[in-house]
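Reproduced below: protein-v7.cif, with mmCIF, C-alpha atoms.
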```
data_model
#
loop_
_atom_site.label_atom_id
_atom_site.label_comp_id
_atom_site.auth_asym_id
_atom_site.auth_seq_id
_atom_site.Cartn_x
_atom_site.Cartn_y
_atom_site.Cartn_z
CA MET A 12 0.00 0.00 0.00
CA PRO A 13 1.63 3.33 -0.98
CA SER A 14 2.09 5.93 1.69
CA THR A 15 0.01 9.11 1.76
CA ALA A 16 3.10 11.21 1.17
CA ALA A 17 4.04 9.21 -1.92
CA ALA A 18 0.53 9.47 -3.34
CA THR A 19 0.54 13.21 -2.76
CA ALA A 20 3.94 13.58 -4.35
CA ARG A 21 2.70 12.10 -7.60
CA THR A 22 -0.22 14.55 -7.87
CA PRO A 23 0.20 17.84 -9.79
CA ARG A 24 -0.41 20.69 -7.37
CA MET A 25 -2.57 23.73 -8.13
CA THR A 26 -2.28 26.59 -5.66
CA VAL A 27 -3.06 30.31 -5.68
CA THR A 28 -0.30 32.76 -4.82
CA GLY A 29 -1.89 36.15 -4.32
CA SER A 30 -4.43 35.99 -7.14
CA THR A 31 -2.45 33.90 -9.61
CA LEU A 32 -2.70 30.16 -10.17
CA VAL A 33 0.60 28.30 -9.78
CA ILE A 34 0.92 24.71 -11.03
CA THR A 35 3.93 22.85 -9.65
CA ALA A 36 5.36 19.79 -11.30
CA PRO A 37 4.82 16.49 -9.48
CA ALA A 38 7.67 14.91 -7.65
CA ALA A 39 9.09 11.68 -9.04
CA PRO A 40 7.25 8.64 -7.71
CA ALA A 41 8.96 6.08 -5.56
CA PRO A 42 10.26 3.41 -7.96
CA ALA A 43 9.22 0.42 -5.91
CA ARG A 44 5.63 1.51 -5.32
CA ALA A 45 2.74 0.55 -7.56
CA ALA A 46 -0.12 2.85 -8.51
CA GLY A 47 -2.52 3.57 -5.69
CA PRO A 48 -6.04 2.17 -5.53
CA GLY A 49 -9.01 3.66 -7.36
CA ARG A 50 -9.89 5.79 -4.37
CA SER A 51 -6.90 8.12 -4.78
CA ARG A 52 -7.57 8.41 -8.51
CA ARG A 53 -11.18 9.37 -7.95
CA ALA A 54 -10.04 12.08 -5.55
CA GLN A 55 -8.12 13.66 -8.43
CA GLY A 56 -11.14 14.19 -10.69
CA PRO A 57 -11.14 17.44 -12.68
CA TYR A 58 -13.99 19.07 -10.75
CA ARG A 59 -12.52 18.19 -7.35
CA ARG A 60 -9.20 19.69 -8.40
CA LEU A 61 -11.03 22.76 -9.68
CA PHE A 62 -12.84 23.49 -6.43
CA ALA A 63 -9.80 22.72 -4.32
CA LEU A 64 -8.45 26.14 -5.35
CA PRO A 65 -8.80 28.68 -2.52
CA GLY A 66 -11.83 30.93 -2.82
CA THR A 67 -13.50 29.11 -5.70
CA ARG A 68 -16.25 27.50 -3.65
CA ALA A 69 -17.24 30.79 -2.05
CA PHE A 70 -17.51 32.80 -5.26
CA THR A 71 -19.27 29.88 -6.99
CA ALA A 72 -21.89 29.77 -4.21
CA GLY A 73 -22.57 33.48 -4.67
CA ASN A 74 -22.56 33.04 -8.43
CA LEU A 75 -25.21 30.31 -8.32
CA LEU A 76 -27.42 32.24 -5.90
CA ALA A 77 -27.29 35.33 -8.09
CA ARG A 78 -27.68 33.38 -11.33
CA LEU A 79 -30.82 31.43 -10.36
CA PRO A 80 -33.06 34.54 -10.57
CA MET A 81 -31.98 35.04 -14.19
CA GLY A 82 -34.41 32.25 -15.04
CA MET A 83 -37.08 33.65 -12.68
CA PHE A 84 -37.53 37.32 -13.48
CA ALA A 85 -39.24 37.18 -16.88
CA VAL A 86 -41.64 34.39 -15.90
CA SER A 87 -42.42 36.09 -12.58
CA ALA A 88 -43.07 39.44 -14.28
CA VAL A 89 -45.41 37.91 -16.85
CA MET A 90 -47.40 35.98 -14.24
CA MET A 91 -47.54 38.95 -11.87
CA ILE A 92 -48.63 41.50 -14.48
CA ALA A 93 -51.07 39.17 -16.23
CA GLY A 94 -52.55 38.07 -12.91
CA GLN A 95 -53.06 41.62 -11.59
CA ARG A 96 -53.84 43.47 -14.84
CA GLY A 97 -55.48 40.63 -16.78
CA SER A 98 -53.44 41.24 -19.93
CA TYR A 99 -50.79 38.93 -21.33
CA ALA A 100 -50.21 41.45 -24.12
CA LEU A 101 -49.17 44.08 -21.55
CA ALA A 102 -47.03 41.54 -19.68
CA GLY A 103 -45.27 40.46 -22.86
CA ALA A 104 -44.67 44.05 -23.96
CA VAL A 105 -43.15 44.96 -20.59
CA THR A 106 -40.75 42.00 -20.57
CA ALA A 107 -39.82 42.57 -24.22
CA THR A 108 -38.98 46.19 -23.40
CA GLY A 109 -36.80 45.03 -20.54
CA MET A 110 -34.95 42.60 -22.82
CA ALA A 111 -34.35 45.32 -25.40
CA ALA A 112 -33.07 47.69 -22.73
CA THR A 113 -30.75 44.99 -21.42
CA ALA A 114 -29.32 44.43 -24.89
CA LEU A 115 -28.41 48.13 -25.03
CA VAL A 116 -27.17 48.63 -21.47
CA ALA A 117 -25.45 45.32 -20.64
CA PRO A 118 -22.32 45.84 -22.81
CA TRP A 119 -21.75 49.26 -21.22
CA THR A 120 -22.13 47.80 -17.74
CA ALA A 121 -19.66 45.06 -18.68
CA ARG A 122 -17.18 47.63 -20.00
CA LEU A 123 -17.34 49.49 -16.68
CA VAL A 124 -16.76 46.22 -14.82
CA ASP A 125 -13.64 45.55 -16.88
CA ARG A 126 -12.37 49.08 -16.37
CA HIS A 127 -13.13 49.61 -12.69
CA GLY A 128 -13.49 46.14 -11.15
CA GLN A 129 -16.31 43.72 -10.42
CA ALA A 130 -17.18 44.78 -6.87
CA ARG A 131 -17.01 48.53 -7.58
CA ILE A 132 -19.48 48.38 -10.50
CA ALA A 133 -21.55 45.21 -10.01
CA VAL A 134 -22.88 46.09 -6.55
CA PRO A 135 -24.39 49.50 -7.43
CA ALA A 136 -25.62 48.13 -10.77
CA THR A 137 -27.32 45.28 -8.91
CA LEU A 138 -28.93 47.71 -6.45
CA ILE A 139 -30.42 49.70 -9.35
CA ALA A 140 -31.77 46.51 -10.94
CA VAL A 141 -33.25 45.30 -7.64
CA LEU A 142 -34.90 48.68 -7.07
CA GLY A 143 -36.39 48.37 -10.55
CA SER A 144 -37.88 44.98 -9.63
CA LEU A 145 -39.27 46.31 -6.35
CA SER A 146 -40.69 49.34 -8.16
CA LEU A 147 -42.41 46.98 -10.59
CA ILE A 148 -44.04 45.14 -7.69
CA VAL A 149 -45.31 48.38 -6.17
CA CYS A 150 -46.60 49.72 -9.49
CA VAL A 151 -48.43 46.50 -10.31
CA ARG A 152 -49.85 46.24 -6.81
CA THR A 153 -51.09 49.85 -6.68
CA GLN A 154 -52.60 49.84 -10.18
CA ALA A 155 -50.19 52.56 -11.33
CA PRO A 156 -50.31 53.68 -14.99
CA ALA A 157 -48.97 51.20 -17.51
CA TRP A 158 -45.98 53.39 -18.43
CA THR A 159 -44.63 52.95 -14.89
CA LEU A 160 -44.38 49.20 -15.48
CA PHE A 161 -42.24 49.77 -18.57
CA ALA A 162 -40.03 52.27 -16.75
CA SER A 163 -39.57 50.00 -13.73
CA TYR A 164 -38.70 46.92 -15.72
CA ALA A 165 -36.35 48.89 -17.98
CA ALA A 166 -34.33 49.80 -14.85
CA THR A 167 -33.43 46.13 -14.46
CA ALA A 168 -31.28 46.47 -17.60
CA THR A 169 -28.34 47.35 -15.34
CA THR A 170 -28.24 43.71 -14.20
CA PRO A 171 -24.57 42.65 -14.39
CA ASN A 172 -23.61 39.57 -16.36
CA ILE A 173 -22.91 37.33 -13.37
CA GLY A 174 -22.04 34.38 -15.58
CA GLY A 175 -19.49 36.48 -17.45
CA MET A 176 -17.91 37.75 -14.24
CA SER A 177 -17.62 34.21 -12.89
CA ARG A 178 -16.02 33.01 -16.12
CA ALA A 179 -13.61 35.94 -15.95
CA ARG A 180 -12.52 34.81 -12.48
CA TRP A 181 -11.85 31.28 -13.70
CA THR A 182 -9.93 32.64 -16.68
CA HIS A 183 -7.76 34.74 -14.37
CA LEU A 184 -7.11 31.92 -11.89
CA LEU A 185 -6.46 29.25 -14.53
CA ARG A 186 -4.26 31.24 -16.88
CA GLY A 187 -1.75 28.80 -18.34
CA ALA A 188 -3.85 25.74 -17.43
CA PRO A 189 -6.03 25.09 -20.53
CA ALA A 190 -7.38 21.71 -19.39
CA ALA A 191 -8.57 23.09 -16.05
CA HIS A 192 -9.99 26.17 -17.80
CA HIS A 193 -11.99 23.92 -20.15
CA THR A 194 -13.42 22.11 -17.13
CA ALA A 195 -14.36 25.41 -15.49
CA MET A 196 -16.10 26.71 -18.62
CA SER A 197 -18.03 23.44 -18.93
CA PHE A 198 -19.16 23.76 -15.31
CA GLU A 199 -20.30 27.34 -15.94
CA GLN A 200 -22.38 26.29 -18.94
CA ALA A 201 -23.94 23.45 -16.94
CA ALA A 202 -24.77 25.98 -14.22
CA ASP A 203 -26.45 28.20 -16.81
CA GLU A 204 -28.63 25.33 -17.97
CA LEU A 205 -29.48 24.26 -14.42
CA CYS A 206 -30.55 27.75 -13.37
CA PHE A 207 -32.63 28.33 -16.49
CA MET A 208 -34.25 24.95 -15.92
CA LEU A 209 -35.05 25.45 -12.22
CA GLY A 210 -35.69 29.21 -12.27
CA PRO A 211 -38.99 29.18 -14.20
CA VAL A 212 -40.27 26.24 -12.14
CA LEU A 213 -39.51 28.05 -8.87
CA ALA A 214 -41.01 31.29 -10.19
CA ALA A 215 -44.23 29.61 -11.31
CA PHE A 216 -44.59 27.86 -7.95
CA LEU A 217 -44.06 31.06 -5.94
CA CYS A 218 -46.41 33.13 -8.08
CA THR A 219 -49.22 30.58 -7.93
CA ALA A 220 -48.81 28.94 -4.50
CA VAL A 221 -47.78 32.01 -2.45
CA PHE A 222 -48.85 35.31 -4.05
CA PRO A 223 -48.41 36.83 -7.53
CA GLU A 224 -45.51 39.09 -6.52
CA ALA A 225 -43.60 36.35 -4.64
CA GLY A 226 -41.54 35.25 -7.64
CA THR A 227 -40.19 38.72 -8.37
CA LEU A 228 -39.59 39.44 -4.68
CA ALA A 229 -37.74 36.18 -4.06
CA GLY A 230 -35.69 36.69 -7.22
CA ALA A 231 -34.64 40.17 -6.10
CA VAL A 232 -33.57 38.89 -2.67
CA LEU A 233 -31.61 35.97 -4.12
CA PHE A 234 -29.97 38.18 -6.73
CA LEU A 235 -28.82 40.84 -4.26
CA GLY A 236 -27.66 38.32 -1.65
CA GLY A 237 -25.79 36.22 -4.18
CA MET A 238 -24.10 39.24 -5.77
CA LEU A 239 -22.96 40.56 -2.38
CA LEU A 240 -21.49 37.14 -1.53
CA PHE A 241 -19.84 36.88 -4.94
CA THR A 242 -18.25 40.33 -4.92
CA ALA A 243 -17.07 39.90 -1.31
CA GLN A 244 -14.56 37.30 -2.54
CA ARG A 245 -11.88 39.84 -3.45
CA ALA A 246 -8.95 37.39 -3.55
CA THR A 247 -10.25 35.76 -6.74
CA GLU A 248 -11.36 38.96 -8.49
CA PRO A 249 -9.44 39.67 -11.70
CA PRO A 250 -7.14 42.68 -11.40
CA VAL A 251 -8.16 45.89 -13.14
CA THR A 252 -5.93 46.93 -16.03
CA ARG A 253 -7.21 50.40 -16.92
CA ASP A 254 -4.55 51.00 -19.55
CA ALA A 255 -5.49 47.78 -21.35
CA THR A 256 -9.21 48.57 -21.33
CA ALA A 257 -8.53 52.06 -22.61
CA ARG A 258 -6.16 50.97 -25.41
CA GLY A 259 -7.72 47.66 -26.42
CA GLY A 260 -9.61 47.48 -29.67
CA SER A 261 -13.37 47.09 -29.69
CA PRO A 262 -14.51 43.53 -28.95
CA VAL A 263 -17.21 43.98 -31.61
CA ARG A 264 -14.60 44.07 -34.37
CA ALA A 265 -12.63 41.17 -32.92
CA LEU A 266 -15.73 39.01 -32.35
CA GLY A 267 -17.72 39.83 -35.50
CA PRO A 268 -18.03 36.31 -37.00
CA LEU A 269 -18.54 34.76 -33.57
CA LEU A 270 -21.34 37.19 -32.76
CA ALA A 271 -23.06 36.03 -35.95
CA LEU A 272 -22.72 32.46 -34.68
CA PHE A 273 -24.21 33.35 -31.29
CA LEU A 274 -27.08 35.12 -33.06
CA ALA A 275 -27.79 31.92 -35.01
CA LEU A 276 -27.63 29.87 -31.80
CA GLY A 277 -30.15 32.23 -30.24
CA LEU A 278 -32.44 31.59 -33.23
CA VAL A 279 -32.19 27.86 -32.47
CA PHE A 280 -33.05 28.30 -28.79
CA GLY A 281 -35.88 30.81 -29.26
CA SER A 282 -37.62 28.95 -32.08
CA MET A 283 -37.26 25.60 -30.30
CA GLU A 284 -38.85 26.88 -27.10
CA VAL A 285 -41.88 28.53 -28.70
CA THR A 286 -42.46 25.61 -31.08
CA SER A 287 -42.25 23.08 -28.25
CA ILE A 288 -44.70 25.03 -26.10
CA ALA A 289 -47.17 25.24 -29.00
CA TYR A 290 -46.77 21.57 -29.91
CA LEU A 291 -47.24 20.29 -26.36
CA ASP A 292 -50.23 22.58 -25.87
CA ALA A 293 -51.76 21.17 -29.05
CA GLN A 294 -51.24 17.69 -27.60
CA GLY A 295 -53.32 18.71 -24.57
CA LEU A 296 -50.53 18.72 -21.99
CA GLY A 297 -51.01 22.34 -20.86
CA ALA A 298 -49.32 22.92 -17.50
CA ALA A 299 -47.88 19.39 -17.57
CA SER A 300 -45.63 20.38 -20.49
CA GLY A 301 -43.06 21.87 -18.08
CA PRO A 302 -41.17 18.62 -17.35
CA VAL A 303 -40.97 17.82 -21.08
CA LEU A 304 -39.59 21.28 -21.86
CA ALA A 305 -37.04 20.92 -19.04
CA LEU A 306 -35.55 17.83 -20.67
CA GLN A 307 -33.65 19.91 -23.22
CA ALA A 308 -31.96 21.93 -20.46
CA ALA A 309 -31.37 18.74 -18.45
CA GLY A 310 -29.62 17.11 -21.40
CA SER A 311 -27.46 20.18 -21.89
CA CYS A 312 -26.57 20.34 -18.20
CA ALA A 313 -25.50 16.69 -18.11
CA ALA A 314 -23.56 17.02 -21.36
CA GLY A 315 -21.81 20.13 -20.07
CA LEU A 316 -20.54 18.37 -16.96
CA LEU A 317 -19.39 15.38 -19.01
CA TYR A 318 -17.73 17.60 -21.62
CA GLY A 319 -15.66 19.18 -18.85
CA THR A 320 -13.94 15.84 -18.24
CA LEU A 321 -13.13 15.26 -21.93
CA ARG A 322 -10.71 16.76 -24.41
CA PRO A 323 -12.20 19.85 -26.11
CA ARG A 324 -13.51 19.36 -29.64
CA SER A 325 -13.33 21.83 -32.53
CA LEU A 326 -16.07 24.42 -32.88
CA ARG A 327 -17.02 23.06 -36.29
CA ALA A 328 -17.44 19.53 -34.90
CA CYS A 329 -19.64 20.74 -32.05
CA VAL A 330 -21.91 22.81 -34.29
CA CYS A 331 -22.10 19.93 -36.77
CA ALA A 332 -23.38 17.67 -33.97
CA LEU A 333 -25.86 20.40 -32.99
CA ALA A 334 -27.16 20.67 -36.56
CA ALA A 335 -27.62 16.89 -36.77
CA LEU A 336 -29.38 16.53 -33.41
CA MET A 337 -31.69 19.50 -33.96
CA THR A 338 -33.43 17.52 -36.70
CA LEU A 339 -34.60 14.95 -34.15
CA PRO A 340 -37.45 17.03 -32.63
CA TRP A 341 -38.87 17.64 -36.11
CA ALA A 342 -38.78 13.92 -36.89
CA ALA A 343 -40.29 13.04 -33.50
CA ALA A 344 -43.06 15.65 -33.82
CA ALA A 345 -44.06 14.17 -37.17
CA THR A 346 -44.90 10.91 -35.38
CA GLY A 347 -47.30 12.64 -32.99
CA SER A 348 -45.68 10.87 -30.02
CA VAL A 349 -44.97 12.98 -26.93
CA PRO A 350 -42.53 10.40 -25.45
CA ALA A 351 -40.62 10.42 -28.75
CA LEU A 352 -40.47 14.21 -28.66
CA ALA A 353 -39.29 14.13 -25.04
CA ALA A 354 -36.42 11.81 -25.97
CA ALA A 355 -35.57 13.98 -28.99
CA LEU A 356 -35.45 17.14 -26.87
CA LEU A 357 -33.16 15.42 -24.38
CA LEU A 358 -30.77 14.34 -27.13
CA ALA A 359 -30.91 17.72 -28.88
CA GLY A 360 -30.09 19.45 -25.61
CA MET A 361 -26.95 17.36 -25.22
CA ALA A 362 -25.37 19.18 -28.17
CA THR A 363 -26.02 22.62 -26.68
CA ALA A 364 -23.49 22.81 -23.85
CA PRO A 365 -20.44 21.55 -25.81
CA THR A 366 -21.24 24.06 -28.57
CA MET A 367 -21.63 26.94 -26.14
CA VAL A 368 -18.49 26.03 -24.17
CA THR A 369 -16.38 25.78 -27.31
CA ALA A 370 -17.81 28.96 -28.84
CA MET A 371 -17.26 30.88 -25.60
CA SER A 372 -13.66 29.69 -25.52
CA ARG A 373 -13.25 31.42 -28.90
CA VAL A 374 -14.62 34.58 -27.30
CA HIS A 375 -11.99 34.29 -24.55
CA ALA A 376 -9.25 33.84 -27.14
CA ARG A 377 -10.31 36.73 -29.40
CA THR A 378 -11.36 39.37 -26.89
CA PRO A 379 -8.74 42.13 -26.46
CA GLU A 380 -6.81 42.14 -23.19
CA GLY A 381 -8.75 43.74 -20.37
CA ARG A 382 -12.14 43.54 -22.15
CA LEU A 383 -13.15 39.94 -21.33
CA ASN A 384 -16.37 40.66 -19.47
CA GLU A 385 -17.48 43.03 -22.22
CA GLY A 386 -16.70 40.42 -24.88
CA MET A 387 -18.71 37.72 -23.10
CA THR A 388 -21.60 40.10 -22.54
CA LEU A 389 -21.67 40.93 -26.25
CA ALA A 390 -21.97 37.20 -26.94
CA VAL A 391 -24.88 36.92 -24.51
CA THR A 392 -26.52 39.97 -26.09
CA ALA A 393 -26.26 38.35 -29.52
CA ILE A 394 -27.92 35.21 -28.13
CA LEU A 395 -30.75 37.27 -26.61
CA ALA A 396 -31.31 39.03 -29.95
CA GLY A 397 -31.44 35.65 -31.66
CA ILE A 398 -33.86 34.27 -29.08
CA ALA A 399 -36.19 37.24 -29.58
CA ALA A 400 -36.09 36.86 -33.37
CA GLY A 401 -36.45 33.08 -33.17
CA SER A 402 -39.43 33.33 -30.81
CA ALA A 403 -41.24 35.80 -33.05
CA THR A 404 -40.55 33.79 -36.21
CA ALA A 405 -41.65 30.54 -34.57
CA GLY A 406 -44.88 32.15 -33.42
CA LEU A 407 -45.71 33.13 -36.99
CA ALA A 408 -44.74 29.68 -38.27
CA VAL A 409 -46.92 27.91 -35.72
CA ASP A 410 -49.93 30.01 -36.78
CA HIS A 411 -49.41 29.40 -40.49
CA ILE A 412 -47.96 25.89 -40.88
CA GLY A 413 -48.67 24.24 -37.53
CA PRO A 414 -46.40 23.33 -34.58
CA ALA A 415 -45.08 20.05 -36.00
CA ALA A 416 -43.82 21.64 -39.21
CA ALA A 417 -42.48 24.63 -37.25
CA TYR A 418 -39.77 22.35 -35.83
CA LEU A 419 -38.06 22.89 -39.19
CA LEU A 420 -37.10 26.37 -37.93
CA PRO A 421 -34.62 25.32 -35.20
CA ALA A 422 -33.18 22.74 -37.61
CA ALA A 423 -32.70 25.43 -40.26
CA ALA A 424 -31.21 27.83 -37.70
CA ALA A 425 -28.74 25.12 -36.64
CA LEU A 426 -27.68 24.75 -40.28
CA LEU A 427 -27.18 28.52 -40.41
CA ALA A 428 -25.01 28.25 -37.30
CA LEU A 429 -23.00 25.50 -39.00
CA ALA A 430 -22.46 27.68 -42.06
CA THR A 431 -21.35 30.55 -39.82
CA ALA A 432 -19.00 28.33 -37.81
CA GLY A 433 -17.47 27.05 -41.04
CA THR A 434 -16.13 30.47 -41.98
CA GLY A 435 -12.40 30.81 -41.54
CA ARG A 436 -12.39 33.59 -38.94
CA ALA A 437 -15.01 31.94 -36.71
CA ALA A 438 -13.33 28.54 -36.83
CA ARG A 439 -9.82 29.75 -35.96
CA PRO A 440 -9.05 29.63 -32.23
CA GLY A 441 -7.50 33.10 -32.10
CA ARG A 442 -4.82 34.14 -29.67
CA ALA A 443 -3.80 31.81 -26.87
#
```
Taking this structure as input, can you express it in the form of structure tokens?
Amino acid sequence: MPSTAAATARTPRMTVTGSTLVITAPAAPAPARAAGPGRSRRAQGPYRRLFALPGTRAFTAGNLLARLPMGMFAVSAVMMIAGQRGSYALAGAVTATGMAATALVAPWTARLVDRHGQARIAVPATLIAVLGSLSLIVCVRTQAPAWTLFASYAATATTPNIGGMSRARWTHLLRGAPAAHHTAMSFEQAADELCFMLGPVLAAFLCTAVFPEAGTLAGAVLFLGGMLLFTAQRATEPPVTRDATARGGSPVRALGPLLALFLALGLVFGSMEVTSIAYLDAQGLGAASGPVLALQAAGSCAAGLLYGTLRPRSLRACVCALAALMTLPWAAAATGSVPALAAALLLAGMATAPTMVTAMSRVHARTPEGRLNEGMTLAVTAILAGIAAGSATAGLAVDHIGPAAAYLLPAAAALLALATAGTGRAARPGRA
């Protein structure tokens, strides 16, 4: 049986000195000792090594708390406004206005974060967004004029990109460790999928089982508490390089082809969601369609965690798999079988996380020094624009050709993403 010291000596060490990751080479193993049992190997899994770094568990806990409401706010606002004002048209218009405002404001907020630091900008930006949510509650509750709802929800556009800030911390800590960085990015994508899967379920429960404003109120509390916990972890915060942010070229120019890819991916996600809701409603599932819809996010979450333990694939290969698997829901819908569609959504979702992780790694590689959070926020903005366009197009398609045939839209959007990923500039990794 090998000694504990010998087993430790053979393990590569990852430590943080100040705010920089240091990887030390393993000591030579004792020649007469055989490999340890499976237990020591399991202890060296990529995710356990990742969260063994000082400070990572604390900022990840805050990150997850603050990220969960991202999947709650829109659903909560729609249910609250529709329940109190009796108009889904008003509710949809308010949330659409908030999304448009976010698309305009978020890149500027991200630029300020890069230039002045996460804690200095994210905390006041979060307070403004939370006040906007609380103002929305008051305006809905007191039957204030409709314009106040638009103004209140537009104030939430200052919401910082918590996922981008968390990814920036991993990128800073794991500089020079590409395998560990790949694992961290895969975890972040899985966390995105998990929060957007659980958030709407929690929001719907709170708004219906407690009171209509409970979803928005709980989301605001979770968001503020999580952001305060996240920004309190100063040891892992990336250093501010004001000169780099001032001199660096615009991320828009550097990320042009990739932003087109993210726009196409947003078309896939938006059209798939609306089409699936319409199809399941036509099948008579109604409120019971939630678990079926969640399967796509569940498949992506599981695939993201698995992808983090594997060697990264090329962007073209990932998008090719996405294009192939996105044809499955269309084929399943043609059969009229809900179980077949559920299985197809699960499989289609499994191509999402690897594609997003690989595409976001291109964003990391191409974004100018000191502008990482801004670059990632631009990618998210492109996805949101694609989701909005995909949702609107799918709604028209459902009305004119039916929900089953409308599944051709996400398949076509995936082919568009493949064509975009095949261009030379999008496919090249960029700088190291």
Exercise: segment 278-287 of chain A partners within 6 Å, only C-alpha atoms, chain neighbours under 5 positions left out, as a ChimeraX atom specification: /A:397-398,401-402,405,414,421,424
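Here atom CA of Pro65 of chain A stands at a distance of 27.8 Å from atom CA of Ala370 of chain A.
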Residue contacts of segment 131-136 of chain A (6 Å, only C-alpha atoms) excluding same-chain residues fewer than 4 positions away, as a PyMOL selection string: chain A and resi 124+169+171
For Arg327 of chain A, please output as a PDB file with C-alpha atoms, keeping the file's coordinate frame all residues within 9 Å (counting only C-alpha atoms; exclusion window: fewer than 2 positions along the same chain).
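Just written: selection35.pdb:
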```
ATOM      1  CA  ARG A 324     -13.510  19.360 -29.640  1.00  0.00           C
ATOM      2  CA  SER A 325     -13.330  21.830 -32.530  1.00  0.00           C
ATOM      3  CA  CYS A 329     -19.640  20.740 -32.050  1.00  0.00           C
ATOM      4  CA  VAL A 330     -21.910  22.810 -34.290  1.00  0.00           C
ATOM      5  CA  CYS A 331     -22.100  19.930 -36.770  1.00  0.00           C
ATOM      6  CA  ALA A 332     -23.380  17.670 -33.970  1.00  0.00           C
ATOM      7  CA  THR A 366     -21.240  24.060 -28.570  1.00  0.00           C
ATOM      8  CA  LEU A 429     -23.000  25.500 -39.000  1.00  0.00           C
ATOM      9  CA  ALA A 432     -19.000  28.330 -37.810  1.00  0.00           C
ATOM     10  CA  GLY A 433     -17.470  27.050 -41.040  1.00  0.00           C
ATOM     11  CA  ALA A 438     -13.330  28.540 -36.830  1.00  0.00           C
TER      12      ALA A 438
END
```
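Comparing A:Gly381, A:Ala342, A:Pro57, A:Leu389 by their smallest distance to Ala417 of chain A, the closest is A:Ala342 (using all atoms listed in the file).
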Could you work out how far atom CA of Met196 of chain A lies from atom CA of Arg322 of chain A, giving the answer in Å with one decimal?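 Result for atom CA of Arg322 of chain A versus atom CA of Met196 of chain A: 12.7 Å, one decimal.
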Run the PyMOL selection byres ((chain A and resi 198) around 10) on the file and write out the hits as a PDB file with C-alpha atoms, keeping the file's coordinate frame.
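Below you can see result-v6.pdb, which holds the result:
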```pdb
ATOM      1  CA  TYR A  58     -13.990  19.070 -10.750  1.00  0.00           C
ATOM      2  CA  LEU A  61     -11.030  22.760  -9.680  1.00  0.00           C
ATOM      3  CA  ARG A 178     -16.020  33.010 -16.120  1.00  0.00           C
ATOM      4  CA  HIS A 192      -9.990  26.170 -17.800  1.00  0.00           C
ATOM      5  CA  HIS A 193     -11.990  23.920 -20.150  1.00  0.00           C
ATOM      6  CA  THR A 194     -13.420  22.110 -17.130  1.00  0.00           C
ATOM      7  CA  ALA A 195     -14.360  25.410 -15.490  1.00  0.00           C
ATOM      8  CA  MET A 196     -16.100  26.710 -18.620  1.00  0.00           C
ATOM      9  CA  SER A 197     -18.030  23.440 -18.930  1.00  0.00           C
ATOM     10  CA  GLU A 199     -20.300  27.340 -15.940  1.00  0.00           C
ATOM     11  CA  GLN A 200     -22.380  26.290 -18.940  1.00  0.00           C
ATOM     12  CA  ALA A 201     -23.940  23.450 -16.940  1.00  0.00           C
ATOM     13  CA  ALA A 202     -24.770  25.980 -14.220  1.00  0.00           C
ATOM     14  CA  ASP A 203     -26.450  28.200 -16.810  1.00  0.00           C
ATOM     15  CA  GLU A 204     -28.630  25.330 -17.970  1.00  0.00           C
ATOM     16  CA  CYS A 312     -26.570  20.340 -18.200  1.00  0.00           C
ATOM     17  CA  ALA A 313     -25.500  16.690 -18.110  1.00  0.00           C
ATOM     18  CA  GLY A 315     -21.810  20.130 -20.070  1.00  0.00           C
ATOM     19  CA  LEU A 316     -20.540  18.370 -16.960  1.00  0.00           C
ATOM     20  CA  LEU A 317     -19.390  15.380 -19.010  1.00  0.00           C
ATOM     21  CA  TYR A 318     -17.730  17.600 -21.620  1.00  0.00           C
ATOM     22  CA  GLY A 319     -15.660  19.180 -18.850  1.00  0.00           C
ATOM     23  CA  THR A 320     -13.940  15.840 -18.240  1.00  0.00           C
ATOM     24  CA  ALA A 364     -23.490  22.810 -23.850  1.00  0.00           C
ATOM     25  CA  VAL A 368     -18.490  26.030 -24.170  1.00  0.00           C
TER      26      VAL A 368
END
```
Ala157 of chain A surroundings by only C-alpha atoms, 10 Å radius, close-in-sequence under 6 positions cut, as a ChimeraX atom specification: /A:96,101,105,150-151
Using the selection just defined, write its residues with C-alpha atoms as a CSV table (one decimal), in the frame of the given file.
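Ended up saving to selection_35.csv:
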```csv
chain,number,residue,atom,x,y,z
A,96,ARG,CA,-53.8,43.5,-14.8
A,101,LEU,CA,-49.2,44.1,-21.6
A,105,VAL,CA,-43.2,45.0,-20.6
A,150,CYS,CA,-46.6,49.7,-9.5
A,151,VAL,CA,-48.4,46.5,-10.3
```
Taking all listed atoms of segment 155-160 of chain A, build the axis-aligned box, pad each of the six sides by 4 Å, then write its centre and edge lengths in Å to one decimal as AutoDock Vina command-line options.
```
--center_x -47.3 --center_y 51.4 --center_z -14.9 --size_x 13.9 --size_y 12.5 --size_z 15.1
```
Counting all atoms listed in the file, the option among A:Ala77, A:Ala314, A:Ala229, A:Leu306 closest to Thr242 of chain A: A:Ala77
